[in-house]
>>> print(open('model-v5.pdb').read())   # PDB, C-alpha atoms
ATOM      1  CA  MET A 364     -40.182  -2.507  -8.404
ATOM      2  CA  ILE A 365     -36.834  -2.922 -10.128
ATOM      3  CA  ALA A 366     -35.734   0.437  -8.786
ATOM      4  CA  ALA A 367     -36.666  -0.633  -5.250
ATOM      5  CA  SER A 368     -34.663  -3.866  -5.432
ATOM      6  CA  ASP A 369     -31.749  -1.914  -6.887
ATOM      7  CA  LYS A 370     -31.930   0.353  -3.881
ATOM      8  CA  VAL A 371     -31.853  -2.627  -1.503
ATOM      9  CA  GLU A 372     -28.948  -4.132  -3.384
ATOM     10  CA  GLU A 373     -27.086  -0.844  -3.255
ATOM     11  CA  GLN A 374     -27.536  -0.704   0.503
ATOM     12  CA  ILE A 375     -26.297  -4.279   0.896
ATOM     13  CA  ASP A 376     -23.264  -3.377  -1.211
ATOM     14  CA  GLU A 377     -22.578  -0.345   0.950
ATOM     15  CA  GLU A 378     -22.687  -2.467   4.088
ATOM     16  CA  THR A 379     -20.369  -5.047   2.510
ATOM     17  CA  GLU A 380     -18.002  -2.259   1.519
ATOM     18  CA  PHE A 381     -17.900  -0.956   5.075
ATOM     19  CA  GLY A 382     -17.263  -4.490   6.348
ATOM     20  CA  PHE A 383     -14.372  -4.754   3.928
ATOM     21  CA  TRP A 384     -13.128  -1.377   5.128
ATOM     22  CA  LEU A 385     -13.045  -2.746   8.693
ATOM     23  CA  TYR A 386     -10.934  -5.684   7.446
ATOM     24  CA  LEU A 387      -8.537  -3.163   5.874
ATOM     25  CA  MET A 388      -8.263  -1.373   9.220
ATOM     26  CA  SER A 389      -7.307  -4.657  10.934
ATOM     27  CA  ASP A 390      -4.777  -5.219   8.171
ATOM     28  CA  ALA A 391      -3.434  -1.715   8.853
ATOM     29  CA  VAL A 392      -2.873  -2.738  12.477
ATOM     30  CA  LEU A 393      -1.046  -5.878  11.275
ATOM     31  CA  PHE A 394       1.258  -3.928   8.964
ATOM     32  CA  SER A 395       1.890  -1.241  11.588
ATOM     33  CA  LEU A 396       3.082  -3.924  14.001
ATOM     34  CA  LEU A 397       5.373  -5.352  11.320
ATOM     35  CA  PHE A 398       6.745  -1.830  10.822
ATOM     36  CA  GLY A 399       7.187  -1.547  14.588
ATOM     37  CA  THR A 400       9.019  -4.883  14.692
ATOM     38  CA  PHE A 401      11.218  -3.741  11.827
ATOM     39  CA  ALA A 402      12.049  -0.505  13.648
ATOM     40  CA  VAL A 403      13.058  -2.473  16.743
ATOM     41  CA  MET A 404      15.134  -5.001  14.783
ATOM     42  CA  SER A 405      16.683  -2.629  12.257
ATOM     43  CA  SER A 406      19.987  -2.232  14.092
ATOM     44  CA  ASN A 407      20.488  -5.969  14.751
ATOM     45  CA  LEU A 408      22.733  -6.843  11.832
ATOM     46  CA  ALA A 409      24.623  -9.682  13.584
ATOM     47  CA  GLY A 410      27.598  -8.959  11.328
ATOM     48  CA  GLY A 411      25.488  -9.523   8.221
ATOM     49  CA  PRO A 412      24.894  -7.101   5.362
ATOM     50  CA  GLY A 413      22.635  -4.084   5.928
ATOM     51  CA  GLY A 414      20.226  -2.462   3.526
ATOM     52  CA  SER A 415      22.855  -0.050   2.189
ATOM     53  CA  ALA A 416      24.885  -3.005   0.897
ATOM     54  CA  LEU A 417      21.865  -4.840  -0.539
ATOM     55  CA  PHE A 418      19.350  -2.365  -1.934
ATOM     56  CA  ASP A 419      19.358  -1.184  -5.527
ATOM     57  CA  MET A 420      17.880   2.242  -6.285
ATOM     58  CA  LYS A 421      16.850   1.398  -9.835
ATOM     59  CA  ASN A 422      14.937  -1.661  -8.695
ATOM     60  CA  LEU A 423      13.210   0.292  -5.930
ATOM     61  CA  ALA A 424      12.251   3.183  -8.200
ATOM     62  CA  THR A 425      10.830   0.798 -10.829
ATOM     63  CA  GLN A 426       8.815  -1.138  -8.237
ATOM     64  CA  THR A 427       7.439   2.084  -6.772
ATOM     65  CA  ALA A 428       6.529   3.454 -10.202
ATOM     66  CA  LEU A 429       4.766   0.206 -11.204
ATOM     67  CA  LEU A 430       2.663   0.162  -8.044
ATOM     68  CA  LEU A 431       1.861   3.865  -8.243
ATOM     69  CA  VAL A 432       0.693   3.666 -11.858
ATOM     70  CA  SER A 433      -1.339   0.524 -11.074
ATOM     71  CA  SER A 434      -3.099   2.591  -8.410
ATOM     72  CA  LEU A 435      -4.228   4.919 -11.187
ATOM     73  CA  THR A 436      -5.238   2.153 -13.605
ATOM     74  CA  ILE A 437      -7.391   0.328 -11.060
ATOM     75  CA  ALA A 438      -9.163   3.582 -10.182
ATOM     76  CA  LEU A 439      -9.783   4.044 -13.925
ATOM     77  CA  ALA A 440     -11.106   0.450 -14.140
ATOM     78  CA  HIS A 441     -13.599   1.171 -11.398
ATOM     79  CA  HIS A 442     -14.564   4.458 -13.006
ATOM     80  CA  ALA A 443     -15.170   2.640 -16.317
ATOM     81  CA  ALA A 444     -17.277  -0.056 -14.611
ATOM     82  CA  HIS A 445     -19.304   2.573 -12.800
ATOM     83  CA  THR A 446     -20.080   4.349 -16.045
ATOM     84  CA  GLY A 447     -20.931   1.028 -17.744
ATOM     85  CA  HIS A 448     -17.983   0.518 -20.115
ATOM     86  CA  LEU A 449     -17.192  -3.214 -20.041
ATOM     87  CA  ALA A 450     -14.328  -3.252 -22.554
ATOM     88  CA  ARG A 451     -12.605  -0.309 -20.883
ATOM     89  CA  THR A 452     -13.029  -1.908 -17.449
ATOM     90  CA  LEU A 453     -11.433  -5.120 -18.650
ATOM     91  CA  GLY A 454      -8.633  -3.236 -20.368
ATOM     92  CA  TRP A 455      -7.671  -1.259 -17.254
ATOM     93  CA  LEU A 456      -7.937  -4.383 -15.105
ATOM     94  CA  VAL A 457      -5.565  -6.246 -17.421
ATOM     95  CA  VAL A 458      -3.115  -3.321 -17.321
ATOM     96  CA  THR A 459      -3.372  -3.308 -13.507
ATOM     97  CA  CYS A 460      -2.624  -7.042 -13.427
ATOM     98  CA  LEU A 461       0.417  -6.596 -15.663
ATOM     99  CA  LEU A 462       1.761  -3.753 -13.506
ATOM    100  CA  GLY A 463       1.138  -5.764 -10.337
ATOM    101  CA  ALA A 464       2.827  -8.826 -11.830
ATOM    102  CA  GLY A 465       5.800  -6.653 -12.847
ATOM    103  CA  PHE A 466       6.074  -5.350  -9.295
ATOM    104  CA  LEU A 467       5.909  -8.856  -7.883
ATOM    105  CA  GLY A 468       8.439 -10.194 -10.386
ATOM    106  CA  LEU A 469      10.966  -7.517  -9.394
ATOM    107  CA  GLU A 470      10.345  -8.212  -5.726
ATOM    108  CA  ILE A 471      10.851 -11.964  -6.110
ATOM    109  CA  LYS A 472      14.019 -11.327  -8.110
ATOM    110  CA  GLU A 473      15.310  -8.952  -5.448
ATOM    111  CA  LEU A 474      14.517 -11.196  -2.469
ATOM    112  CA  SER A 475      15.835 -14.374  -4.083
ATOM    113  CA  GLY A 476      18.988 -12.414  -4.950
ATOM    114  CA  PHE A 477      19.420 -11.600  -1.246
ATOM    115  CA  VAL A 478      18.989 -15.260  -0.310
ATOM    116  CA  ALA A 479      21.591 -16.212  -2.943
ATOM    117  CA  GLN A 480      24.058 -13.722  -1.359
ATOM    118  CA  ASP A 481      23.619 -15.424   2.011
ATOM    119  CA  ALA A 482      21.399 -12.534   3.169
ATOM    120  CA  GLY A 483      18.219 -14.551   3.702
ATOM    121  CA  PRO A 484      15.747 -14.131   6.564
ATOM    122  CA  GLY A 485      17.836 -16.407   8.798
ATOM    123  CA  ARG A 486      20.959 -14.206   8.556
ATOM    124  CA  SER A 487      20.100 -11.519  11.106
ATOM    125  CA  GLY A 488      17.283  -9.922  13.077
ATOM    126  CA  TYR A 489      17.297  -7.058  10.597
ATOM    127  CA  LEU A 490      16.831  -9.398   7.618
ATOM    128  CA  SER A 491      14.156 -11.453   9.430
ATOM    129  CA  ALA A 492      12.106  -8.320  10.045
ATOM    130  CA  PHE A 493      12.778  -7.075   6.501
ATOM    131  CA  PHE A 494      11.666 -10.324   4.851
ATOM    132  CA  THR A 495       8.569 -10.547   7.063
ATOM    133  CA  LEU A 496       7.466  -6.998   6.292
ATOM    134  CA  VAL A 497       8.230  -6.950   2.572
ATOM    135  CA  GLY A 498       7.097 -10.580   2.140
ATOM    136  CA  THR A 499       3.730  -9.928   3.799
ATOM    137  CA  HIS A 500       3.191  -6.988   1.469
ATOM    138  CA  GLY A 501       4.163  -9.173  -1.491
ATOM    139  CA  LEU A 502       1.711 -11.876  -0.387
ATOM    140  CA  HIS A 503      -1.048  -9.260  -0.253
ATOM    141  CA  VAL A 504      -0.174  -8.119  -3.772
ATOM    142  CA  THR A 505      -0.308 -11.766  -4.911
ATOM    143  CA  ALA A 506      -3.776 -12.116  -3.364
ATOM    144  CA  GLY A 507      -4.815  -8.894  -5.087
ATOM    145  CA  LEU A 508      -3.581 -10.246  -8.430
ATOM    146  CA  ILE A 509      -5.556 -13.499  -8.051
ATOM    147  CA  TRP A 510      -8.592 -11.434  -7.065
ATOM    148  CA  ALA A 511      -8.182  -9.142 -10.093
ATOM    149  CA  MET A 512      -7.890 -12.107 -12.473
ATOM    150  CA  THR A 513     -10.985 -13.695 -10.903
ATOM    151  CA  LEU A 514     -12.855 -10.434 -11.451
ATOM    152  CA  ILE A 515     -11.741 -10.304 -15.093
ATOM    153  CA  ALA A 516     -13.240 -13.782 -15.596
ATOM    154  CA  GLN A 517     -16.426 -12.788 -13.774
ATOM    155  CA  PHE A 518     -16.787  -9.599 -15.806
ATOM    156  CA  LEU A 519     -16.445 -11.680 -18.974
ATOM    157  CA  ILE A 520     -19.163 -14.102 -17.815
ATOM    158  CA  LYS A 521     -21.574 -11.809 -15.962
ATOM    159  CA  GLY A 522     -21.014  -8.436 -17.602
ATOM    160  CA  ILE A 523     -21.316  -5.200 -15.659
ATOM    161  CA  GLY A 524     -23.864  -4.956 -12.866
ATOM    162  CA  LEU A 525     -24.226  -3.302  -9.491
ATOM    163  CA  ARG A 526     -22.856  -6.371  -7.735
ATOM    164  CA  MET A 527     -19.810  -6.673  -9.990
ATOM    165  CA  THR A 528     -19.042  -2.960  -9.666
ATOM    166  CA  SER A 529     -19.159  -3.318  -5.896
ATOM    167  CA  ARG A 530     -16.733  -6.256  -6.038
ATOM    168  CA  LEU A 531     -14.376  -4.229  -8.184
ATOM    169  CA  TYR A 532     -14.741  -1.335  -5.759
ATOM    170  CA  ARG A 533     -13.571  -3.516  -2.864
ATOM    171  CA  LEU A 534     -10.564  -4.670  -4.893
ATOM    172  CA  THR A 535      -9.855  -0.989  -5.620
ATOM    173  CA  LEU A 536      -9.861  -0.228  -1.886
ATOM    174  CA  PHE A 537      -7.544  -3.201  -1.249
ATOM    175  CA  TRP A 538      -5.144  -2.150  -3.994
ATOM    176  CA  HIS A 539      -4.930   1.470  -2.843
ATOM    177  CA  PHE A 540      -4.390   0.229   0.691
ATOM    178  CA  LEU A 541      -1.416  -1.863  -0.502
ATOM    179  CA  ASP A 542       0.008   1.206  -2.200
ATOM    180  CA  ILE A 543      -0.236   3.067   1.110
ATOM    181  CA  VAL A 544       1.677   0.243   2.820
ATOM    182  CA  TRP A 545       4.299   0.492   0.083
ATOM    183  CA  ILE A 546       4.716   4.226   0.801
ATOM    184  CA  GLY A 547       5.640   3.171   4.338
ATOM    185  CA  VAL A 548       8.008   0.486   3.048
ATOM    186  CA  PHE A 549      10.016   2.697   0.706
ATOM    187  CA  SER A 550      10.058   5.627   3.154
ATOM    188  CA  LEU A 551      11.020   3.681   6.249
ATOM    189  CA  VAL A 552      12.866   0.610   5.003
ATOM    190  CA  TYR A 553      14.538   1.512   1.707
ATOM    191  CA  LEU A 554      15.196   5.237   1.216
ATOM    192  CA  PRO A 555      17.055   5.922   4.507
ATOM    193  CA  GLU A 556      19.583   3.203   3.516
ATOM    194  CA  PHE A 557      20.715   5.236   0.503
ATOM    195  CA  LEU A 558      21.731   8.240   2.633
TER     196      LEU A 558
ATOM    197  CA  MET B  56     -17.495   6.605  -6.767
ATOM    198  CA  ARG B  57     -14.537   8.752  -7.558
ATOM    199  CA  GLU B  58     -14.899  11.365 -10.272
ATOM    200  CA  MET B  59     -12.330  11.338 -13.065
ATOM    201  CA  ARG B  60     -10.998  14.700 -11.914
ATOM    202  CA  THR B  61     -10.561  13.411  -8.346
ATOM    203  CA  ILE B  62      -8.663  10.349  -9.604
ATOM    204  CA  LEU B  63      -6.323  12.379 -11.809
ATOM    205  CA  THR B  64      -5.695  15.049  -9.143
ATOM    206  CA  GLY B  65      -4.916  12.348  -6.587
ATOM    207  CA  PHE B  66      -2.567  10.586  -8.969
ATOM    208  CA  ALA B  67      -0.745  13.804  -9.904
ATOM    209  CA  LEU B  68      -0.238  14.671  -6.229
ATOM    210  CA  ALA B  69       0.923  11.118  -5.459
ATOM    211  CA  VAL B  70       3.482  11.265  -8.280
ATOM    212  CA  ILE B  71       4.876  14.587  -7.034
ATOM    213  CA  LEU B  72       5.028  13.303  -3.444
ATOM    214  CA  THR B  73       6.810  10.123  -4.562
ATOM    215  CA  VAL B  74       9.288  11.774  -6.914
ATOM    216  CA  LEU B  75      10.263  14.400  -4.306
ATOM    217  CA  PRO B  76      11.812  12.021  -1.706
ATOM    218  CA  PHE B  77      13.444   9.856  -4.415
ATOM    219  CA  VAL B  78      15.058  12.879  -6.075
ATOM    220  CA  ALA B  79      16.195  14.205  -2.702
ATOM    221  CA  VAL B  80      17.807  10.862  -1.864
ATOM    222  CA  ILE B  81      19.489  10.470  -5.260
ATOM    223  CA  GLY B  82      20.653  14.103  -5.437
ATOM    224  CA  GLN B  83      21.726  14.300  -1.751
ATOM    225  CA  TRP B  84      21.316  18.085  -1.698
ATOM    226  CA  LEU B  85      20.094  18.296   1.850
ATOM    227  CA  PRO B  86      22.007  17.136   4.903
ATOM    228  CA  ARG B  87      21.082  13.579   6.018
ATOM    229  CA  GLU B  88      18.772  14.863   8.737
ATOM    230  CA  GLY B  89      16.918  17.148   6.348
ATOM    231  CA  THR B  90      16.388  14.397   3.764
ATOM    232  CA  LEU B  91      14.991  12.077   6.457
ATOM    233  CA  TRP B  92      12.519  14.777   7.477
ATOM    234  CA  LEU B  93      11.561  15.303   3.836
ATOM    235  CA  ILE B  94      10.949  11.555   3.399
ATOM    236  CA  ALA B  95       8.814  11.441   6.549
ATOM    237  CA  ILE B  96       6.736  14.507   5.657
ATOM    238  CA  THR B  97       6.107  13.510   2.025
ATOM    239  CA  ALA B  98       5.125   9.983   3.191
ATOM    240  CA  VAL B  99       2.554  11.300   5.661
ATOM    241  CA  VAL B 100       1.155  13.780   3.138
ATOM    242  CA  GLN B 101       1.018  11.118   0.419
ATOM    243  CA  ILE B 102      -0.824   8.689   2.695
ATOM    244  CA  THR B 103      -3.346  11.454   3.395
ATOM    245  CA  VAL B 104      -3.667  12.116  -0.343
ATOM    246  CA  HIS B 105      -4.326   8.411  -1.022
ATOM    247  CA  LEU B 106      -6.874   8.215   1.796
ATOM    248  CA  TYR B 107      -8.759  11.267   0.585
ATOM    249  CA  PHE B 108      -8.579  10.944  -3.206
ATOM    250  CA  PHE B 109      -8.590   7.147  -3.649
ATOM    251  CA  LEU B 110     -10.026   5.551  -0.517
ATOM    252  CA  GLY B 111     -12.882   7.994  -0.006
ATOM    253  CA  VAL B 112     -12.014   8.953   3.566
ATOM    254  CA  GLU B 113     -13.704  12.279   4.234
ATOM    255  CA  ILE B 114     -14.751  14.361   7.191
ATOM    256  CA  THR B 115     -18.322  14.862   5.994
ATOM    257  CA  GLY B 116     -20.419  13.006   3.458
ATOM    258  CA  LYS B 117     -21.392   9.442   2.640
ATOM    259  CA  HIS B 118     -18.355   7.601   4.006
ATOM    260  CA  ARG B 119     -18.013   9.371   7.349
ATOM    261  CA  GLU B 120     -17.852   6.075   9.247
ATOM    262  CA  ARG B 121     -14.624   5.251   7.421
ATOM    263  CA  LEU B 122     -12.856   8.146   9.101
ATOM    264  CA  SER B 123     -14.064   7.143  12.567
ATOM    265  CA  SER B 124     -12.958   3.516  12.128
ATOM    266  CA  LEU B 125      -9.629   4.744  10.728
ATOM    267  CA  LEU B 126      -9.134   6.951  13.776
ATOM    268  CA  PHE B 127      -9.948   4.004  16.032
ATOM    269  CA  ALA B 128      -7.377   1.882  14.178
ATOM    270  CA  CYS B 129      -4.876   4.722  14.682
ATOM    271  CA  VAL B 130      -5.509   4.655  18.444
ATOM    272  CA  LEU B 131      -4.872   0.887  18.488
ATOM    273  CA  ILE B 132      -1.732   1.333  16.380
ATOM    274  CA  PHE B 133      -0.504   4.114  18.646
ATOM    275  CA  ILE B 134      -0.946   1.956  21.764
ATOM    276  CA  MET B 135       0.574  -1.208  20.275
ATOM    277  CA  VAL B 136       3.395   0.194  18.139
ATOM    278  CA  GLY B 137       4.126   3.088  20.481
ATOM    279  CA  GLY B 138       4.122   0.696  23.445
ATOM    280  CA  THR B 139       6.435  -1.733  21.653
ATOM    281  CA  LEU B 140       8.936   0.973  20.762
ATOM    282  CA  TRP B 141       8.784   2.407  24.270
ATOM    283  CA  VAL B 142       9.356  -0.934  26.005
ATOM    284  CA  MET B 143      12.061  -2.106  23.607
ATOM    285  CA  GLY B 144      13.797   1.291  23.638
ATOM    286  CA  ASN B 145      13.807   1.254  27.422
ATOM    287  CA  LEU B 146      15.178  -2.295  27.453
ATOM    288  CA  TYR B 147      17.913  -1.339  24.993
ATOM    289  CA  TRP B 148      18.879   1.651  27.129
ATOM    290  CA  ARG B 149      19.082  -0.468  30.297
ATOM    291  CA  MET B 150      21.154  -3.152  28.604
ATOM    292  CA  MET B 151      23.756  -0.662  27.420
TER     293      MET B 151
END
>>> encode(input="model-v5.pdb", output="structure tokens")
Amino acid sequence: MIAASDKVEEQIDEETEFGFWLYLMSDAVLFSLLFGTFAVMSSNLAGGPGGSALFDMKNLATQTALLLVSSLTIALAHHAAHTGHLARTLGWLVVTCLLGAGFLGLEIKELSGFVAQDAGPGRSGYLSAFFTLVGTHGLHVTAGLIWAMTLIAQFLIKGIGLRMTSRLYRLTLFWHFLDIVWIGVFSLVYLPEFL
Amino acid sequence: MREMRTILTGFALAVILTVLPFVAVIGQWLPREGTLWLIAITAVVQITVHLYFFLGVEITGKHRERLSSLLFACVLIFIMVGGTLWVMGNLYWRMM
């Protein structure tokens, strides 16, 4: 009887996961259009500073490393939840949160620095598109952080179960998806400016 | 769920594919054109690595429907982004 209801629950979870996957695909369309807009606007500097004058390699490399490692730690959190290790799950989730917060902190510092140098989103078409693209990614990371902290609280209250593991799995998908978007950001927006 | 070995393999590949374009940009060994190609190729390969090792996109197996919905999203992206670049590029050329 218990096994049968577990089976039903597992199927419900699988359907929810696919529904979440479809949301991610619509988000992929959104980000692709922001990338497209950026590509169109990238030469419209209006006499303002371009990326080569603004971007800092050390900052970019640190941000990328933080997000990449957090991709590993969240996968490890899910692996730990799946194998029933509560403490390990919580530990990896906390590490993921710290890495994500570090990423976000650097991004806020960078963007507010641009605004302080009179290179805010209102300066040129290039900067508008840049702030929209990078800001939307940052907002997604913020949402992911809130979600991860909510899950930490839920894990503490409810413990590990099929339902909780499925929730963590969806966060894992979301987080990896954001890392994929970041690959696009550093490859298309940042790195070419250093050449 | 992802096996530990899958996770670690995916991460190792992702690290290599991230470090490669960064080192190429910092070192500037290749001509500008070559570095841009390297960045583009490593990005595409790394996205594929993430999709396969972390997001569970596979050609056969349990999550097959993920690949078909991803391909559908790619068609939409191709039409919308490709169309945007085409129209705006054409406009730019005519305004020259």
>>> closest_residue(input="model-v5.pdb", among="A:Ala492, A:Leu519, A:Val478, A:Ala438", to="Asn407 in chain A", atoms="only C-alpha atoms")
A:Ala492
>>> residues_around(input="model-v5.pdb", residues="Val552 in chain A", least_positions_apart="2", cutoff="12 Å", atoms="all atoms listed in the file", output="ChimeraX atom specification")
/A:397-402,404-406,413-415,417-418,423,489-490,492-494,496-497,544-550,554-558 /B:91,94-95
>>> write_last_selection(input="model-v5.pdb", atoms="C-alpha atoms", output="PDB file, in the coordinates of the input")
ATOM      1  CA  LEU A 397       5.373  -5.352  11.320  1.00  0.00           C
ATOM      2  CA  PHE A 398       6.745  -1.830  10.822  1.00  0.00           C
ATOM      3  CA  GLY A 399       7.187  -1.547  14.588  1.00  0.00           C
ATOM      4  CA  THR A 400       9.019  -4.883  14.692  1.00  0.00           C
ATOM      5  CA  PHE A 401      11.218  -3.741  11.827  1.00  0.00           C
ATOM      6  CA  ALA A 402      12.049  -0.505  13.648  1.00  0.00           C
ATOM      7  CA  MET A 404      15.134  -5.001  14.783  1.00  0.00           C
ATOM      8  CA  SER A 405      16.683  -2.629  12.257  1.00  0.00           C
ATOM      9  CA  SER A 406      19.987  -2.232  14.092  1.00  0.00           C
ATOM     10  CA  GLY A 413      22.635  -4.084   5.928  1.00  0.00           C
ATOM     11  CA  GLY A 414      20.226  -2.462   3.526  1.00  0.00           C
ATOM     12  CA  SER A 415      22.855  -0.050   2.189  1.00  0.00           C
ATOM     13  CA  LEU A 417      21.865  -4.840  -0.539  1.00  0.00           C
ATOM     14  CA  PHE A 418      19.350  -2.365  -1.934  1.00  0.00           C
ATOM     15  CA  LEU A 423      13.210   0.292  -5.930  1.00  0.00           C
ATOM     16  CA  TYR A 489      17.297  -7.058  10.597  1.00  0.00           C
ATOM     17  CA  LEU A 490      16.831  -9.398   7.618  1.00  0.00           C
ATOM     18  CA  ALA A 492      12.106  -8.320  10.045  1.00  0.00           C
ATOM     19  CA  PHE A 493      12.778  -7.075   6.501  1.00  0.00           C
ATOM     20  CA  PHE A 494      11.666 -10.324   4.851  1.00  0.00           C
ATOM     21  CA  LEU A 496       7.466  -6.998   6.292  1.00  0.00           C
ATOM     22  CA  VAL A 497       8.230  -6.950   2.572  1.00  0.00           C
ATOM     23  CA  VAL A 544       1.677   0.243   2.820  1.00  0.00           C
ATOM     24  CA  TRP A 545       4.299   0.492   0.083  1.00  0.00           C
ATOM     25  CA  ILE A 546       4.716   4.226   0.801  1.00  0.00           C
ATOM     26  CA  GLY A 547       5.640   3.171   4.338  1.00  0.00           C
ATOM     27  CA  VAL A 548       8.008   0.486   3.048  1.00  0.00           C
ATOM     28  CA  PHE A 549      10.016   2.697   0.706  1.00  0.00           C
ATOM     29  CA  SER A 550      10.058   5.627   3.154  1.00  0.00           C
ATOM     30  CA  LEU A 554      15.196   5.237   1.216  1.00  0.00           C
ATOM     31  CA  PRO A 555      17.055   5.922   4.507  1.00  0.00           C
ATOM     32  CA  GLU A 556      19.583   3.203   3.516  1.00  0.00           C
ATOM     33  CA  PHE A 557      20.715   5.236   0.503  1.00  0.00           C
ATOM     34  CA  LEU A 558      21.731   8.240   2.633  1.00  0.00           C
TER      35      LEU A 558
ATOM     36  CA  LEU B  91      14.991  12.077   6.457  1.00  0.00           C
ATOM     37  CA  ILE B  94      10.949  11.555   3.399  1.00  0.00           C
ATOM     38  CA  ALA B  95       8.814  11.441   6.549  1.00  0.00           C
TER      39      ALA B  95
END
>>> atom_distance(input="model-v5.pdb", atom1="CA of Gly522 in chain A", atom2="CA of His441 in chain A")
13.6 Å
>>> axis_aligned_box(input="model-v5.pdb", around="range 125-143 of chain B", padding_each_side="5 Å", output="JSON")
{"center_x": 1.1, "center_y": 2.4, "center_z": 18.4, "size_x": 32.0, "size_y": 19.1, "size_z": 25.3}
>>> residues_near_point(input="model-v5.pdb", point="(-9.2, -1.1, -21.3)", cutoff="12 Å", atoms="all atoms listed in the file", output="PyMOL selection string")
chain A and resi 436-437+439-444+448-460+515
>>> resolve_selection(input="model-v5.pdb", expression="the PyMOL selection byres ((chain B and resi 135-149) around 7)", output="list in words")
Ser395, Leu396, Gly399 and Val403 of chain A; Leu131, Ile132, Phe133, Ile134, Met150 and Met151 of chain B
>>> resolve_selection(input="model-v5.pdb", expression="the PyMOL selection byres ((chain B and resi 78) around 12)", output="number ranges by chain")
A: 420, 424, 554, 557-558; B: 70-77, 79-85, 90, 93-94
>>> write_last_selection(input="model-v5.pdb", atoms="C-alpha atoms", output="CSV table (one decimal), keeping the file's coordinate frame")
chain,number,residue,atom,x,y,z
A,420,MET,CA,17.9,2.2,-6.3
A,424,ALA,CA,12.3,3.2,-8.2
A,554,LEU,CA,15.2,5.2,1.2
A,557,PHE,CA,20.7,5.2,0.5
A,558,LEU,CA,21.7,8.2,2.6
B,70,VAL,CA,3.5,11.3,-8.3
B,71,ILE,CA,4.9,14.6,-7.0
B,72,LEU,CA,5.0,13.3,-3.4
B,73,THR,CA,6.8,10.1,-4.6
B,74,VAL,CA,9.3,11.8,-6.9
B,75,LEU,CA,10.3,14.4,-4.3
B,76,PRO,CA,11.8,12.0,-1.7
B,77,PHE,CA,13.4,9.9,-4.4
B,79,ALA,CA,16.2,14.2,-2.7
B,80,VAL,CA,17.8,10.9,-1.9
B,81,ILE,CA,19.5,10.5,-5.3
B,82,GLY,CA,20.7,14.1,-5.4
B,83,GLN,CA,21.7,14.3,-1.8
B,84,TRP,CA,21.3,18.1,-1.7
B,85,LEU,CA,20.1,18.3,1.8
B,90,THR,CA,16.4,14.4,3.8
B,93,LEU,CA,11.6,15.3,3.8
B,94,ILE,CA,10.9,11.6,3.4
>>> residues_around(input="model-v5.pdb", residues="Gly507 in chain A", least_positions_apart="5", cutoff="8 Å", atoms="all atoms listed in the file", output="ChimeraX atom specification")
/A:534,537-538
>>> write_last_selection(input="model-v5.pdb", atoms="C-alpha atoms", output="PDB file, keeping the file's coordinate frame")
ATOM      1  CA  LEU A 534     -10.564  -4.670  -4.893  1.00  0.00           C
ATOM      2  CA  PHE A 537      -7.544  -3.201  -1.249  1.00  0.00           C
ATOM      3  CA  TRP A 538      -5.144  -2.150  -3.994  1.00  0.00           C
TER       4      TRP A 538
END
>>> resolve_selection(input="model-v5.pdb", expression="the PyMOL selection byres ((chain B and resi 101) around 8)", output="list in words")
Ile546 of chain A; Leu68, Ala69, Leu72, Thr73, Thr97, Ala98, Val99, Val100, Ile102, Thr103, Val104 and His105 of chain B
>>> write_last_selection(input="model-v5.pdb", atoms="C-alpha atoms", output="short mmCIF file (atom, residue, chain, number, x, y, z; two decimals), in the coordinates of the input")
data_model
loop_
_atom_site.label_atom_id
_atom_site.label_comp_id
_atom_site.auth_asym_id
_atom_site.auth_seq_id
_atom_site.Cartn_x
_atom_site.Cartn_y
_atom_site.Cartn_z
CA ILE A 546 4.72 4.23 0.80
CA LEU B 68 -0.24 14.67 -6.23
CA ALA B 69 0.92 11.12 -5.46
CA LEU B 72 5.03 13.30 -3.44
CA THR B 73 6.81 10.12 -4.56
CA THR B 97 6.11 13.51 2.02
CA ALA B 98 5.12 9.98 3.19
CA VAL B 99 2.55 11.30 5.66
CA VAL B 100 1.16 13.78 3.14
CA ILE B 102 -0.82 8.69 2.70
CA THR B 103 -3.35 11.45 3.40
CA VAL B 104 -3.67 12.12 -0.34
CA HIS B 105 -4.33 8.41 -1.02
#
>>> atom_distance(input="model-v5.pdb", atom1="CA of Val112 in chain B", atom2="CA of Tyr386 in chain A")
15.2 Å
>>> closest_residue(input="model-v5.pdb", among="B:Lys117, B:Phe108, B:Leu125, B:Arg87", to="Glu58 in chain B", atoms="all atoms listed in the file")
B:Phe108
>>> closest_residue(input="model-v5.pdb", among="B:Glu113, B:Ala128, B:Trp92, B:Thr64", to="chain A", atoms="all atoms listed in the file")
B:Ala128
>>> residues_around(input="model-v5.pdb", residues="Leu429 in chain A", least_positions_apart="5", cutoff="10 Å", atoms="all atoms listed in the file", output="ChimeraX atom specification")
/A:423-424,434,459,461-467
>>> atom_distance(input="model-v5.pdb", atom1="CA of Arg526 in chain A", atom2="CA of Leu63 in chain B")
25.3 Å
>>> closest_residue(input="model-v5.pdb", among="B:Arg60, B:Phe66, B:Arg121, B:Gly111", to="Leu435 in chain A", atoms="all atoms listed in the file")
B:Phe66
